[in-house]
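Step one of this worksheet: look at the structure below.
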Amino acid sequence: MTHLQAGLSPETIEKARLELNENPDILHQDIQQVRDMIITRPDIGFLRTDDAFILRFLRARKFHQTEAFRLLAQYFQYRQLNLEMFKNFKADDPGIKRALTDGFPGVLENRDHCGRKILLLFAANWDQSRPQIDETNKPFSVHESSVSSSVQLFIFSSAGLVKNSFIDILRAILLSLEVLIEDQELQINGFILIIDWSNFSFKQASKLTPSILKLAIEGLQDSFPARFGGVHFVNQPWYIHALYTLIKPFLKDKTRKRIFLHGNNLNSLHQLIHPECLPSEFGGTLPPYDMGTWARTLLGPDYSDENEYTHTSYNAMHVKHASSNLEREASPKPMKSRKILRIKYPELEDHDCKNDQLPVDPEIVWDLLPQLDLYKFMGPDGIHPRILIELADVLAKPLSKMRGRH
């Protein structure tokens, strides 16, 4: 056994050999082969290239050296393209701290029956209305190819007031993974992610734009050396199904096979993750999850419990006022502020299918989507007309851009 495997149990070493093709006799040789490829990407600053660091990328790609190097390059390229995301990338950063204290992510102390660490996301805890102060009072941006300017404006206002942004949640998740991946057992066993969509409103879902979801996919699926054994959706409403349909083409086939949509059926969740490993919110035998657990671990003495709450108390605070507006927010009527008119656009007529100069004005798309026939079956894109109608306000602009690229 090499010193790079020090601290691993015999069972984990055997698992690494069988599942990841890890051979202690040629471990240093594998690492050096990856390191030798760095010269092929002079455009990327590889800020860390020690043996232990490269090893985690080899494990994430089952010791396929070329794939491991590609992941290593994408890891640093993602950070290079989104410099502001990783500025002050530590737990006491105001945005990250806020996300951590809100429970993004939750991390269970015990692992599952396969030795995987279980991460929890309670989506409804994303409070988009609470302001917080940007202590740097500087604009925050990420690479324009990843997130649109409208998203950037949502994240930081010119007055220096920011909301509990999705970007900060993503930063908190990435920082947490950086801390957890230091554990060699987790490099081999991997992670499980459970997302509870209970009480996640349509209004909140409308903020999950394609560009910002793409940023998250690139950061987690394409650029981080972790093995995700499964992503489990529970209590998801119909519009989360719609969002998943939109992002599905951007997911790798392996990732798609590891996403499970359980809805309200916790029995199907328990078939994959034993109840003994789960808190009571997920039908498990453990006590309700304390949202401050992981924040206290990362923040230490800097943790303030003035906003501490469990998932149960969070629901008690917010759901008791929801009876009057839950139906309005979670299941809004299609285009409730618009009178749907049957508008005709002669310039769109293309009976011979030869016109490749059709207008791509988002306003026209916005007008036409509500005119779809609700009673028709879904098309080859797999999206039902009702979903397109109800998400017209969100989809008009990206759909017009997609048409404009053809």
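Residues are referred to by chain and number: the chain letter is A, B, ... according to the order shown in the structure tokens, the number counts from 1 in that chain, and ligands are numbered separately from 1 in the order shown.
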
Which polymer residues have any atom within 12 Å of an atom of Ser268 (chain A), counting only C-alpha atoms, with same-chain residues fewer than 4 positions away left out, as a PyMOL selection string? chain A and resi 232-234+260-264+272-275+282-283

Shell of 9 Å around Phe63 (chain A), only C-alpha atoms, local chain residues under 5 positions omitted, as an MDAnalysis selection string: chainID A and resid 20:22 30 55 57:58 68

Quick one: write out the picked residues with N, CA and C atoms as a short mmCIF file (atom, residue, chain, number, x, y, z; two decimals), in the first residue's frame?
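Generated output (out19.cif):
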```cif
data_model
loop_
_atom_site.label_atom_id
_atom_site.label_comp_id
_atom_site.auth_asym_id
_atom_site.auth_seq_id
_atom_site.Cartn_x
_atom_site.Cartn_y
_atom_site.Cartn_z
N LEU A 20 -12.71 1.10 -9.40
CA LEU A 20 -12.04 2.26 -10.00
C LEU A 20 -10.76 1.89 -10.74
N ASN A 21 -10.38 0.63 -10.72
CA ASN A 21 -9.13 0.18 -11.37
C ASN A 21 -7.90 0.81 -10.72
N GLU A 22 -7.96 1.05 -9.43
CA GLU A 22 -6.84 1.66 -8.71
C GLU A 22 -5.82 0.59 -8.33
N ASP A 30 0.51 6.50 -12.81
CA ASP A 30 -0.75 7.05 -13.32
C ASP A 30 -0.82 8.55 -13.09
N LEU A 55 -4.81 12.70 -7.75
CA LEU A 55 -5.38 11.39 -7.48
C LEU A 55 -6.90 11.42 -7.42
N PHE A 57 -8.89 13.22 -9.12
CA PHE A 57 -9.43 13.29 -10.47
C PHE A 57 -9.34 11.92 -11.16
N LEU A 58 -8.27 11.19 -10.88
CA LEU A 58 -8.17 9.83 -11.40
C LEU A 58 -9.27 8.95 -10.85
N ALA A 68 -9.35 11.84 -16.85
CA ALA A 68 -8.97 12.49 -15.60
C ALA A 68 -8.33 13.85 -15.88
#
```

Got a sec: who's within 8 Å of region 240-252 of chain A, counting only C-alpha atoms, leaving out chain neighbours fewer than 3 positions off, as a PyMOL selection string? chain A and resi 205+210+213-214+217+221+236-237+255-256+382-383+387
